[in-house]
>>> print(open('protein.txt').read())   # compact mmCIF, C-alpha atoms
# COMPACT_ATOMS: atom_id res chain seq x y z
CA MET M 1 -90.56 155.80 241.32
CA SER M 2 -88.90 159.19 241.31
CA ASP M 3 -88.58 161.13 238.09
CA GLN M 4 -85.11 162.41 239.08
CA PRO M 5 -82.49 161.51 236.53
CA GLY M 6 -80.39 159.82 239.18
CA ASN M 7 -83.19 157.33 239.82
CA LEU M 8 -83.88 156.31 236.23
CA PRO M 9 -84.03 152.58 235.66
CA PRO M 10 -80.81 151.06 234.26
CA GLU M 11 -82.15 150.75 230.74
CA GLU M 12 -82.96 154.47 230.69
CA THR M 13 -79.69 155.73 232.24
CA PRO M 14 -77.72 157.85 229.66
CA ASP M 15 -74.69 155.90 228.33
CA THR M 16 -71.70 158.26 228.47
CA THR M 17 -69.09 155.54 227.80
CA PRO M 18 -68.91 156.05 224.01
CA ALA M 19 -68.52 159.81 224.48
CA ILE M 20 -65.73 159.30 226.99
CA GLY M 21 -64.01 156.79 224.70
CA SER M 22 -64.30 159.15 221.76
CA ALA M 23 -62.79 162.00 223.77
CA ARG M 24 -59.91 159.81 224.87
CA ARG M 25 -59.26 158.71 221.31
CA PHE M 26 -59.34 162.34 220.18
CA HIS M 27 -56.81 163.42 222.83
CA HIS M 28 -54.65 160.38 222.12
CA SER M 29 -54.70 161.12 218.39
CA ARG M 30 -53.84 164.77 218.99
CA TRP M 31 -50.95 163.84 221.32
CA LEU M 32 -49.70 161.33 218.73
CA ARG M 33 -49.66 164.06 216.07
CA TRP M 34 -47.72 166.36 218.40
CA ARG M 35 -45.20 163.60 219.10
CA GLN M 36 -44.76 163.11 215.36
CA HIS M 37 -44.17 166.82 214.85
CA LEU M 38 -41.68 166.91 217.73
CA ALA M 39 -39.84 163.89 216.35
CA PHE M 40 -39.45 165.48 212.91
CA TRP M 41 -38.71 169.05 214.02
CA VAL M 42 -36.52 168.54 217.08
CA GLY M 43 -34.91 165.49 215.48
CA ALA M 44 -33.97 167.53 212.42
CA LEU M 45 -32.46 170.19 214.67
CA LEU M 46 -30.32 167.51 216.33
CA VAL M 47 -29.29 166.18 212.92
CA GLY M 48 -28.15 169.65 211.85
CA LEU M 49 -26.05 170.07 214.99
CA ALA M 50 -24.54 166.59 214.60
CA ALA M 51 -23.69 167.29 210.94
CA LEU M 52 -21.98 170.56 211.83
CA ALA M 53 -19.93 168.91 214.56
CA PHE M 54 -18.98 166.09 212.19
CA ALA M 55 -17.91 168.58 209.50
CA TRP M 56 -15.69 170.49 211.92
CA LEU M 57 -14.10 167.29 213.25
CA ALA M 58 -13.50 166.01 209.70
CA ASP M 59 -11.68 169.22 208.79
CA GLN M 60 -9.55 168.94 211.93
CA SER M 61 -8.72 165.30 211.22
CA TYR M 62 -7.51 165.97 207.70
CA ALA M 63 -5.63 169.06 208.89
CA GLN M 64 -3.64 166.79 211.20
CA PHE M 65 -2.76 164.57 208.25
CA LYS M 66 -1.62 167.63 206.29
CA ARG M 67 0.61 168.63 209.20
CA MET M 68 2.16 165.17 209.07
CA LEU M 69 2.87 165.65 205.37
CA GLY M 70 4.62 168.89 206.26
CA VAL M 71 6.97 166.96 208.55
CA ALA M 72 7.91 164.30 205.97
CA SER M 73 6.20 163.62 202.65
CA TRP M 74 7.05 159.90 202.83
CA LEU M 75 5.21 159.28 206.12
CA PRO M 76 1.96 158.17 204.35
CA LEU M 77 3.89 155.12 203.13
CA LEU M 78 3.87 153.96 206.76
CA VAL M 79 0.86 155.68 208.31
CA THR M 80 -1.77 155.05 205.62
CA PRO M 81 -1.35 151.24 205.30
CA ALA M 82 -1.15 150.85 209.08
CA GLY M 83 -4.20 153.08 209.59
CA PHE M 84 -6.26 151.25 206.97
CA ALA M 85 -5.31 147.89 208.48
CA LEU M 86 -6.27 149.02 211.99
CA LEU M 87 -9.60 150.44 210.85
CA ALA M 88 -10.40 147.28 208.88
CA TRP M 89 -9.44 145.04 211.82
CA VAL M 90 -11.56 146.90 214.36
CA THR M 91 -14.50 147.22 211.95
CA GLN M 92 -14.38 143.57 210.94
CA ARG M 93 -14.03 142.33 214.51
CA TRP M 94 -16.57 144.48 216.38
CA PHE M 95 -18.43 146.89 214.11
CA VAL M 96 -19.34 145.15 210.85
CA GLU M 97 -22.46 147.31 210.53
CA ALA M 98 -20.22 150.40 210.32
CA LYS M 99 -18.57 149.39 207.01
CA GLY M 100 -19.12 151.43 203.88
CA SER M 101 -20.60 154.85 203.26
CA GLY M 102 -23.83 154.57 205.26
CA ILE M 103 -26.29 155.38 202.46
CA PRO M 104 -26.83 151.73 201.42
CA GLN M 105 -27.48 150.89 205.07
CA VAL M 106 -30.17 153.59 205.29
CA ILE M 107 -31.80 152.31 202.09
CA ALA M 108 -31.69 148.75 203.44
CA ALA M 109 -33.35 149.92 206.66
CA LEU M 110 -36.12 151.51 204.61
CA GLU M 111 -36.65 148.38 202.53
CA SER M 112 -36.51 145.82 205.32
CA PRO M 113 -39.75 144.92 207.13
CA SER M 114 -37.73 143.72 210.13
CA ARG M 115 -37.84 146.00 213.16
CA ARG M 116 -34.83 144.26 214.67
CA PHE M 117 -32.80 144.82 211.51
CA ARG M 118 -33.67 148.54 211.45
CA GLU M 119 -32.77 148.92 215.10
CA ARG M 120 -29.44 147.19 214.55
CA VAL M 121 -28.47 149.14 211.41
CA LEU M 122 -29.68 152.49 212.75
CA ALA M 123 -28.41 152.04 216.29
CA LEU M 124 -26.81 155.24 217.59
CA PRO M 125 -23.59 153.44 218.65
CA VAL M 126 -23.16 152.16 215.08
CA ALA M 127 -23.68 155.67 213.67
CA ILE M 128 -21.20 157.15 216.14
CA VAL M 129 -18.62 154.47 215.31
CA ARG M 130 -19.08 155.12 211.58
CA MET M 131 -18.51 158.82 212.21
CA LEU M 132 -15.42 158.21 214.35
CA PHE M 133 -13.94 155.73 211.87
CA THR M 134 -14.51 158.14 209.00
CA LEU M 135 -12.56 160.71 210.99
CA GLY M 136 -9.89 158.06 211.45
CA ALA M 137 -9.80 157.40 207.70
CA LEU M 138 -9.27 161.12 207.03
CA LEU M 139 -6.63 161.22 209.76
CA VAL M 140 -4.53 158.66 207.85
CA GLY M 141 -5.19 160.16 204.40
CA GLY M 142 -8.13 158.09 203.11
CA SER M 143 -9.74 159.42 199.94
CA VAL M 144 -13.19 159.46 201.53
CA GLY M 145 -15.96 161.95 202.20
CA ARG M 146 -18.21 162.56 205.17
CA GLU M 147 -21.54 163.03 203.39
CA GLY M 148 -22.53 159.34 203.26
CA PRO M 149 -21.77 158.82 206.95
CA THR M 150 -23.66 162.05 207.69
CA VAL M 151 -26.75 160.57 205.99
CA HIS M 152 -26.46 157.52 208.24
CA VAL M 153 -25.89 159.60 211.36
CA GLY M 154 -28.88 161.79 210.48
CA ALA M 155 -31.16 158.81 209.95
CA ALA M 156 -29.97 157.15 213.17
CA VAL M 157 -30.37 160.29 215.30
CA ILE M 158 -33.89 161.12 214.17
CA TYR M 159 -34.95 157.45 214.25
CA ALA M 160 -33.72 157.04 217.82
CA PHE M 161 -35.42 160.28 218.86
CA GLY M 162 -38.71 159.14 217.35
CA ARG M 163 -38.50 155.81 219.12
CA ARG M 164 -37.86 157.59 222.42
CA LEU M 165 -41.09 159.51 221.87
CA GLY M 166 -42.94 156.23 221.50
CA LEU M 167 -43.52 156.26 217.74
CA HIS M 168 -43.88 152.77 216.28
CA GLY M 169 -45.80 152.92 212.97
CA ARG M 170 -43.73 151.74 210.05
CA ARG M 171 -44.78 154.60 207.78
CA THR M 172 -43.97 157.16 210.47
CA LEU M 173 -40.59 155.58 211.17
CA ALA M 174 -39.84 155.39 207.43
CA GLY M 175 -40.64 159.10 207.20
CA LEU M 176 -38.24 159.78 210.05
CA ILE M 177 -35.47 157.81 208.35
CA LEU M 178 -36.10 159.66 205.08
CA ALA M 179 -36.07 163.02 206.83
CA GLY M 180 -32.95 162.24 208.85
CA GLY M 181 -30.94 161.08 205.85
CA ALA M 182 -32.02 164.01 203.70
CA ALA M 183 -31.43 166.51 206.51
CA GLY M 184 -27.94 165.05 206.80
CA ILE M 185 -27.18 165.91 203.17
CA ALA M 186 -28.75 169.36 203.56
CA ALA M 187 -26.67 170.14 206.65
CA ALA M 188 -23.43 168.59 205.37
CA PHE M 189 -23.27 170.82 202.29
CA ASN M 190 -25.59 173.66 203.40
CA THR M 191 -27.81 172.67 200.48
CA PRO M 192 -31.46 172.34 201.62
CA LEU M 193 -32.81 171.84 198.09
CA ALA M 194 -30.30 169.07 197.45
CA GLY M 195 -31.44 167.35 200.64
CA ILE M 196 -35.05 167.43 199.45
CA VAL M 197 -34.18 166.12 195.99
CA PHE M 198 -31.96 163.43 197.52
CA ALA M 199 -34.85 162.21 199.67
CA ILE M 200 -37.18 162.08 196.67
CA GLU M 201 -34.78 160.61 194.13
CA GLU M 202 -32.50 158.31 196.12
CA LEU M 203 -34.15 157.39 199.42
CA SER M 204 -37.89 157.52 198.86
CA ARG M 205 -37.85 155.03 196.00
CA ALA M 206 -36.82 152.44 198.58
CA PHE M 207 -40.13 152.81 200.40
CA GLU M 208 -43.57 153.63 199.05
CA GLN M 209 -44.42 156.77 200.96
CA ARG M 210 -45.85 160.12 199.99
CA PHE M 211 -43.27 162.85 200.48
CA SER M 212 -45.11 164.61 203.29
CA GLY M 213 -44.86 168.16 204.57
CA LEU M 214 -43.32 166.87 207.81
CA VAL M 215 -40.40 165.31 205.90
CA LEU M 216 -39.99 168.49 203.85
CA THR M 217 -40.01 170.65 206.98
CA ALA M 218 -37.46 168.42 208.72
CA VAL M 219 -35.06 168.68 205.76
CA LEU M 220 -35.37 172.46 205.75
CA ILE M 221 -34.74 172.61 209.51
CA GLY M 222 -31.59 170.52 209.08
CA GLY M 223 -30.32 172.94 206.44
CA ALA M 224 -31.40 175.98 208.44
CA VAL M 225 -29.22 174.89 211.38
CA THR M 226 -26.14 175.15 209.17
CA LEU M 227 -27.34 178.44 207.70
CA GLY M 228 -28.06 179.90 211.14
CA LEU M 229 -24.76 178.88 212.74
CA MET M 230 -22.40 179.21 209.77
CA GLY M 231 -24.07 182.06 207.90
CA HIS M 232 -24.80 182.33 204.19
CA TYR M 233 -21.97 180.57 202.44
CA SER M 234 -21.37 178.24 199.50
CA TYR M 235 -19.21 175.18 199.98
CA PHE M 236 -17.08 176.07 196.96
CA GLY M 237 -17.68 179.82 197.05
CA GLU M 238 -19.61 182.12 194.70
CA ILE M 239 -18.54 180.66 191.36
CA GLY M 240 -21.44 181.87 189.23
CA GLY M 241 -20.52 179.67 186.29
CA HIS M 242 -22.14 180.14 182.89
CA LEU M 243 -21.95 178.40 179.54
CA PRO M 244 -20.81 180.46 176.55
CA GLY M 245 -22.87 180.18 173.40
CA GLY M 246 -21.81 178.41 170.23
CA TRP M 247 -18.99 175.93 170.66
CA GLY M 248 -19.11 176.35 174.43
CA TRP M 249 -21.97 173.85 174.48
CA SER M 250 -19.53 171.16 173.34
CA GLU M 251 -18.53 170.86 177.00
CA VAL M 252 -21.92 169.28 177.78
CA PRO M 253 -21.55 166.06 175.72
CA ALA M 254 -17.84 165.87 176.53
CA CYS M 255 -18.49 166.01 180.28
CA ALA M 256 -21.41 163.61 179.99
CA LEU M 257 -19.25 161.07 178.17
CA LEU M 258 -16.36 161.35 180.63
CA GLY M 259 -18.61 161.32 183.69
CA GLY M 260 -20.75 158.45 182.47
CA VAL M 261 -17.86 156.23 181.43
CA LEU M 262 -15.72 156.85 184.52
CA GLY M 263 -18.74 156.70 186.85
CA GLY M 264 -19.87 153.40 185.34
CA PHE M 265 -16.39 151.90 185.65
CA TYR M 266 -16.19 153.06 189.26
CA VAL M 267 -19.42 151.19 190.04
CA LYS M 268 -18.12 148.07 188.27
CA LEU M 269 -14.86 148.18 190.24
CA VAL M 270 -16.25 148.71 193.74
CA LEU M 271 -19.46 146.68 193.60
CA PRO M 272 -18.85 143.21 195.10
CA THR M 273 -19.35 140.32 192.69
CA GLN M 274 -18.49 136.65 192.38
CA HIS M 275 -17.43 136.74 188.74
CA GLY M 276 -14.15 137.44 186.93
CA TRP M 277 -11.04 139.00 188.38
CA ILE M 278 -13.11 141.41 190.45
CA GLY M 279 -14.83 138.41 192.02
CA ARG M 280 -11.46 136.86 192.86
CA MET M 281 -10.34 140.16 194.40
CA CYS M 282 -13.54 140.32 196.46
CA ALA M 283 -12.93 136.75 197.66
CA LEU M 284 -9.44 137.75 198.81
CA ARG M 285 -10.88 140.74 200.64
CA GLU M 286 -13.40 138.52 202.42
CA ARG M 287 -10.69 136.04 203.41
CA PHE M 288 -7.96 138.51 204.41
CA PRO M 289 -9.72 141.83 205.15
CA VAL M 290 -6.95 143.37 207.26
CA ARG M 291 -4.11 142.54 204.89
CA PHE M 292 -6.21 143.61 201.92
CA ALA M 293 -6.91 146.96 203.59
CA ALA M 294 -3.20 147.42 204.31
CA ILE M 295 -2.35 146.81 200.64
CA CYS M 296 -5.01 149.32 199.61
CA GLY M 297 -3.48 151.82 202.03
CA LEU M 298 -0.04 151.24 200.55
CA ILE M 299 -1.37 151.71 197.00
CA LEU M 300 -3.04 154.95 198.10
CA ALA M 301 0.23 156.18 199.60
CA LEU M 302 2.08 155.36 196.36
CA LEU M 303 -0.57 157.24 194.40
CA GLY M 304 0.05 160.13 196.76
CA VAL M 305 3.75 160.09 195.93
CA ALA M 306 2.98 159.99 192.18
CA SER M 307 0.52 162.89 192.43
CA GLY M 308 2.55 165.16 194.68
CA ASN M 309 0.37 164.23 197.68
CA HIS M 310 -2.81 165.54 196.06
CA VAL M 311 -5.03 162.43 196.22
CA PHE M 312 -5.60 162.25 199.97
CA GLY M 313 -8.75 163.35 201.77
CA THR M 314 -11.87 164.76 200.17
CA GLY M 315 -9.99 166.72 197.51
CA TYR M 316 -11.58 170.01 198.57
CA GLU M 317 -8.45 172.15 198.16
CA GLU M 318 -7.68 170.76 194.70
CA THR M 319 -11.29 171.20 193.62
CA ARG M 320 -11.46 174.76 194.92
CA ALA M 321 -8.25 175.62 193.07
CA LEU M 322 -9.67 174.24 189.82
CA LEU M 323 -12.87 176.26 190.26
CA ASP M 324 -10.89 179.40 191.03
CA GLY M 325 -8.95 178.98 187.80
CA HIS M 326 -5.61 178.49 189.57
CA PRO M 327 -5.12 174.70 189.57
CA VAL M 328 -2.47 173.16 191.80
CA THR M 329 -2.65 169.87 189.87
CA ASN M 330 -2.08 168.80 186.27
CA GLU M 331 -4.03 166.58 183.88
CA SER M 332 -2.85 163.36 185.58
CA PHE M 333 -4.73 164.28 188.78
CA LEU M 334 -7.91 162.85 187.27
CA LEU M 335 -6.38 159.37 187.00
CA TRP M 336 -4.64 159.45 190.40
CA LYS M 337 -7.73 160.66 192.26
CA PHE M 338 -9.98 158.13 190.51
CA LEU M 339 -7.69 155.28 191.54
CA ALA M 340 -7.39 156.71 195.05
CA ASN M 341 -11.18 156.68 195.43
CA VAL M 342 -11.38 153.10 194.17
CA VAL M 343 -8.75 151.71 196.55
CA SER M 344 -10.12 153.68 199.51
CA TYR M 345 -13.58 152.21 198.96
CA LEU M 346 -12.26 148.69 198.32
CA ALA M 347 -10.35 148.82 201.61
CA GLY M 348 -13.68 148.34 203.41
CA ILE M 349 -13.19 151.26 205.78
CA PRO M 350 -16.05 153.63 206.64
CA GLY M 351 -16.33 156.74 204.51
CA GLY M 352 -18.42 158.35 201.80
CA LEU M 353 -17.83 159.18 198.17
CA PHE M 354 -19.66 162.46 197.45
CA SER M 355 -16.81 164.93 198.01
CA PRO M 356 -14.09 162.78 196.37
CA SER M 357 -16.43 162.27 193.39
CA LEU M 358 -16.86 166.02 193.02
CA SER M 359 -13.09 166.36 193.03
CA ILE M 360 -12.76 163.85 190.19
CA GLY M 361 -15.41 165.64 188.16
CA ALA M 362 -13.69 168.99 188.64
CA ALA M 363 -10.51 167.40 187.26
CA PHE M 364 -12.21 167.17 183.85
CA ALA M 365 -11.47 170.89 183.36
CA PRO M 366 -7.86 170.59 182.07
CA LEU M 367 -8.94 168.01 179.49
CA LEU M 368 -11.85 170.17 178.33
CA SER M 369 -9.48 173.06 177.63
CA LEU M 370 -8.78 171.35 174.29
CA LEU M 371 -12.31 172.23 173.16
CA PRO M 372 -13.00 175.56 171.37
CA ASP M 373 -14.41 178.34 173.57
CA ALA M 374 -14.07 176.16 176.68
CA ASN M 375 -14.51 177.81 180.07
CA PRO M 376 -12.42 176.03 182.74
CA GLN M 377 -14.78 176.91 185.60
CA THR M 378 -17.83 175.79 183.67
CA GLY M 379 -16.08 172.59 182.63
CA ALA M 380 -15.18 171.84 186.25
CA LEU M 381 -18.76 172.40 187.44
CA LEU M 382 -20.31 170.34 184.65
CA GLY M 383 -17.73 167.63 185.27
CA MET M 384 -18.62 167.52 188.96
CA GLY M 385 -22.29 166.98 188.17
CA ALA M 386 -21.58 164.48 185.40
CA TYR M 387 -19.27 162.25 187.41
CA LEU M 388 -21.44 162.32 190.55
CA ALA M 389 -24.47 161.38 188.44
CA GLY M 390 -22.45 158.62 186.77
CA VAL M 391 -21.54 157.12 190.13
CA THR M 392 -24.85 157.52 191.97
CA ARG M 393 -27.27 157.38 188.99
CA SER M 394 -29.16 160.25 190.65
CA PRO M 395 -28.98 163.07 188.09
CA LEU M 396 -31.34 165.48 189.83
CA THR M 397 -29.48 165.19 193.13
CA ALA M 398 -26.13 165.68 191.38
CA SER M 399 -27.42 168.73 189.51
CA VAL M 400 -28.91 170.47 192.53
CA ILE M 401 -25.91 169.75 194.77
CA VAL M 402 -23.43 171.28 192.32
CA LEU M 403 -25.66 174.27 191.55
CA GLU M 404 -26.21 175.00 195.24
CA LEU M 405 -22.56 174.43 196.15
CA SER M 406 -21.38 176.97 193.60
CA HIS M 407 -24.32 179.40 193.31
CA SER M 408 -24.47 178.95 189.53
CA PRO M 409 -28.16 179.11 188.57
CA ASP M 410 -27.31 180.01 184.96
CA LEU M 411 -26.00 176.47 184.51
CA ALA M 412 -29.31 174.81 185.46
CA ILE M 413 -30.27 173.63 181.96
CA PRO M 414 -26.76 172.50 180.87
CA MET M 415 -26.29 170.79 184.26
CA LEU M 416 -29.53 168.84 183.97
CA ALA M 417 -28.60 167.82 180.43
CA VAL M 418 -25.12 166.65 181.38
CA THR M 419 -26.23 164.70 184.45
CA LEU M 420 -29.07 162.95 182.63
CA MET M 421 -26.76 161.90 179.81
CA ALA M 422 -24.01 160.82 182.20
CA ALA M 423 -26.44 158.68 184.23
CA ALA M 424 -27.68 157.03 181.03
CA ILE M 425 -24.14 156.29 179.80
CA SER M 426 -23.16 154.92 183.21
CA GLY M 427 -26.21 152.66 183.09
CA TRP M 428 -24.96 151.03 179.89
CA ILE M 429 -21.69 150.10 181.62
CA ALA M 430 -23.10 149.22 185.07
CA PRO M 431 -26.82 148.46 184.79
CA VAL M 432 -27.40 148.57 188.56
CA SER M 433 -27.52 151.58 190.84
CA LEU M 434 -24.56 151.48 193.24
CA TYR M 435 -26.34 152.37 196.47
CA HIS M 436 -29.37 150.19 195.82
CA ALA M 437 -27.23 147.24 194.70
CA LEU M 438 -25.19 147.52 197.90
CA ALA M 439 -28.40 147.78 199.95
CA ARG M 440 -29.73 144.63 198.27
CA GLN M 441 -26.51 142.78 199.10
CA ILE M 442 -26.83 143.86 202.73
CA LEU M 443 -30.40 142.55 202.86
CA ASP M 444 -29.43 139.29 201.14
CA LYS M 445 -26.88 138.60 203.89
CA VAL M 446 -29.51 138.98 206.58
CA ALA M 447 -31.56 135.92 207.44
CA PRO M 448 -35.32 136.50 207.23
CA GLU M 449 -36.49 138.07 210.46
CA LYS M 450 -39.90 138.77 211.85
CA SER M 451 -40.72 142.33 212.68
>>> encode(input="protein.txt", output="structure tokens")
Amino acid sequence: MSDQPGNLPPEETPDTTPAIGSARRFHHSRWLRWRQHLAFWVGALLVGLAALAFAWLADQSYAQFKRMLGVASWLPLLVTPAGFALLAWVTQRWFVEAKGSGIPQVIAALESPSRRFRERVLALPVAIVRMLFTLGALLVGGSVGREGPTVHVGAAVIYAFGRRLGLHGRRTLAGLILAGGAAGIAAAFNTPLAGIVFAIEELSRAFEQRFSGLVLTAVLIGGAVTLGLMGHYSYFGEIGGHLPGGWGWSEVPACALLGGVLGGFYVKLVLPTQHGWIGRMCALRERFPVRFAAICGLILALLGVASGNHVFGTGYEETRALLDGHPVTNESFLLWKFLANVVSYLAGIPGGLFSPSLSIGAAFAPLLSLLPDANPQTGALLGMGAYLAGVTRSPLTASVIVLELSHSPDLAIPMLAVTLMAAAISGWIAPVSLYHALARQILDKVAPEKS
């Protein structure tokens, strides 16, 4: 028998199969990691671009409504009820998944083990419809924001991109959803830190996952897109608010009390229930959704008449005027805008609540002027954080958003104090978190599905 290696007996032939298998597994693992990186990085870039486009379209939509007001101030009495009814009819008939703000849907997708449910809730057509219907709500004067829908659009875009790259692991997909939603907040407001905190505080508690560097990088990319294309700007300008010493600190407990009480009542009013008069109202909405939406639209239009047409849209102009110290509204704006936000949400049309909530919080400023040594700008900023924390029960997110929106780092400690107190007070009135309660109701309506 030859001693050449090629003529070795079978039992002595070198077995290269394990080495080949190991090399294949190594290359497969490396390619999988690259696909994950591409999904997070390129997906976040797409989210940033989508958020910018959505922001521009939202501004154009509300500008059209303002032009209509310039023609005749009574037109909302016709246009707003008809627009709400049309949006409710189309949503109820064909796009039920597009109802609401979008954040509860993202949380529900994170919580659900069902792949089919996630694919249905985060389907790109649903996200696009939610975006278009939010534009429609602004076009007819709805007191809604675009930040919640932007979170949903961001999660849907990055989730769909990851699926196209062949990613299937639940933890990976949950990370993509987290990153997409947080990048949406970062890009919508040009607030990268707020996006990160939002992912940690609001979204990540829905799914047990370590907040990885990939998620962090994706959120920063989403914010960097806005920064790169729009430049260095603050949503509400360079306010630079500060809190005077002495009696100036009295604004902190005052804002916390107002924000907590009003935020808690907002949650109680808009959260569906089966009990009391709110339960009866919810039953009517379920039975007659289109007519109910039309009535909500009419109430909103009447509130517009009472407020001098200041309750429509996100409330950006009114908020900016309050922060600049030249308000275009009086003390009653707080009540009218609060009611406008309630009826717009109850109408069941797509739209978010971040921007309108900031507008309500800013409206605390005229009331706080009764306090000694009160600073109107500081009161408006603290009110914004307090009310947003009262509604969302996410004090860190509320604090960072307001501080980044206004470039007011000197208010960091008072802002954290006011948002923590407001969230606690809101919790006494409405023990459940709004977004997570809505997400639980969404999941309860879905029959158990297998992944």
>>> closest_atom_pairs(input="protein.txt", of="stretch 232-320 of chain M", to="stretch 385-403 of chain M", cutoff="8 Å", atoms="all atoms listed in the file", output="CSV")
residue,atom,partner,partner_atom,distance
M:Cys255,CA,M:Ala386,CA,6.2
M:Ala256,CA,M:Ala386,CA,5.5
M:Leu258,CA,M:Tyr387,CA,7.4
M:Gly259,CA,M:Tyr387,CA,3.9
M:Gly260,CA,M:Gly390,CA,4.6
M:Val261,CA,M:Gly390,CA,7.4
M:Leu262,CA,M:Tyr387,CA,7.1
M:Gly263,CA,M:Gly390,CA,4.2
M:Gly264,CA,M:Gly390,CA,6.0
M:Tyr266,CA,M:Val391,CA,6.8
M:Val267,CA,M:Val391,CA,6.3
>>> write_last_selection(input="protein.txt", atoms="C-alpha atoms", output="mmCIF file, keeping the file's coordinate frame")
data_model
loop_
_atom_site.group_PDB
_atom_site.id
_atom_site.type_symbol
_atom_site.label_atom_id
_atom_site.label_comp_id
_atom_site.auth_asym_id
_atom_site.auth_seq_id
_atom_site.Cartn_x
_atom_site.Cartn_y
_atom_site.Cartn_z
ATOM 1 C CA CYS M 255 -18.490 166.010 180.280
ATOM 2 C CA ALA M 256 -21.410 163.610 179.990
ATOM 3 C CA LEU M 258 -16.360 161.350 180.630
ATOM 4 C CA GLY M 259 -18.610 161.320 183.690
ATOM 5 C CA GLY M 260 -20.750 158.450 182.470
ATOM 6 C CA VAL M 261 -17.860 156.230 181.430
ATOM 7 C CA LEU M 262 -15.720 156.850 184.520
ATOM 8 C CA GLY M 263 -18.740 156.700 186.850
ATOM 9 C CA GLY M 264 -19.870 153.400 185.340
ATOM 10 C CA TYR M 266 -16.190 153.060 189.260
ATOM 11 C CA VAL M 267 -19.420 151.190 190.040
#
>>> closest_atom_pairs(input="protein.txt", of="stretch 50-132 of chain M", to="stretch 155-179 of chain M", cutoff="7 Å", atoms="all atoms listed in the file", output="JSON lines")
{"residue": "M:Leu110", "atom": "CA", "partner": "M:Ala174", "partner_atom": "CA", "distance": 6.1}
{"residue": "M:Leu122", "atom": "CA", "partner": "M:Ala156", "partner_atom": "CA", "distance": 4.7}
{"residue": "M:Ala123", "atom": "CA", "partner": "M:Ala156", "partner_atom": "CA", "distance": 6.2}
{"residue": "M:Leu124", "atom": "CA", "partner": "M:Ala156", "partner_atom": "CA", "distance": 5.8}
{"residue": "M:Ala127", "atom": "CA", "partner": "M:Ala156", "partner_atom": "CA", "distance": 6.5}
>>> residues_around(input="protein.txt", residues="M:Val342", least_positions_apart="5", cutoff="9 Å", atoms="all atoms listed in the file", output="list of chain:residue names")
M:Ser143, M:Tyr266, M:Leu269, M:Val270, M:Lys337, M:Ala347
>>> write_last_selection(input="protein.txt", atoms="C-alpha atoms", output="JSON list (two decimals), in the frame of the given file")
[["chain", "number", "residue", "atom", "x", "y", "z"],
["M", 143, "SER", "CA", -9.74, 159.42, 199.94],
["M", 266, "TYR", "CA", -16.19, 153.06, 189.26],
["M", 269, "LEU", "CA", -14.86, 148.18, 190.24],
["M", 270, "VAL", "CA", -16.25, 148.71, 193.74],
["M", 337, "LYS", "CA", -7.73, 160.66, 192.26],
["M", 347, "ALA", "CA", -10.35, 148.82, 201.61]]
>>> closest_residue(input="protein.txt", among="M:Ala380, M:Ile425, M:Leu193, M:Leu139", to="M:Thr80", atoms="only C-alpha atoms")
M:Leu139
>>> closest_atom_pairs(input="protein.txt", of="stretch 345-420 of chain M", to="stretch 273-291 of chain M", cutoff="12 Å", atoms="only C-alpha atoms", output="JSON lines")
{"residue": "M:Tyr345", "atom": "CA", "partner": "M:Arg285", "partner_atom": "CA", "distance": 11.9}
{"residue": "M:Leu346", "atom": "CA", "partner": "M:Arg285", "partner_atom": "CA", "distance": 8.4}
{"residue": "M:Ala347", "atom": "CA", "partner": "M:Pro289", "partner_atom": "CA", "distance": 7.9}
{"residue": "M:Gly348", "atom": "CA", "partner": "M:Pro289", "partner_atom": "CA", "distance": 7.8}
{"residue": "M:Ile349", "atom": "CA", "partner": "M:Pro289", "partner_atom": "CA", "distance": 10.1}
>>> write_last_selection(input="protein.txt", atoms="C-alpha atoms", output="mmCIF file, in the frame of the given file")
data_model
loop_
_atom_site.group_PDB
_atom_site.id
_atom_site.type_symbol
_atom_site.label_atom_id
_atom_site.label_comp_id
_atom_site.auth_asym_id
_atom_site.auth_seq_id
_atom_site.Cartn_x
_atom_site.Cartn_y
_atom_site.Cartn_z
ATOM 1 C CA TYR M 345 -13.580 152.210 198.960
ATOM 2 C CA LEU M 346 -12.260 148.690 198.320
ATOM 3 C CA ALA M 347 -10.350 148.820 201.610
ATOM 4 C CA GLY M 348 -13.680 148.340 203.410
ATOM 5 C CA ILE M 349 -13.190 151.260 205.780
#
>>> atom_distance(input="protein.txt", atom1="atom CA of M:Val129", atom2="atom CA of M:Ile299")
25.3 Å
>>> closest_residue(input="protein.txt", among="M:Gly313, M:Gly154, M:Pro356, M:Pro376", to="M:Leu138", atoms="only C-alpha atoms")
M:Gly313
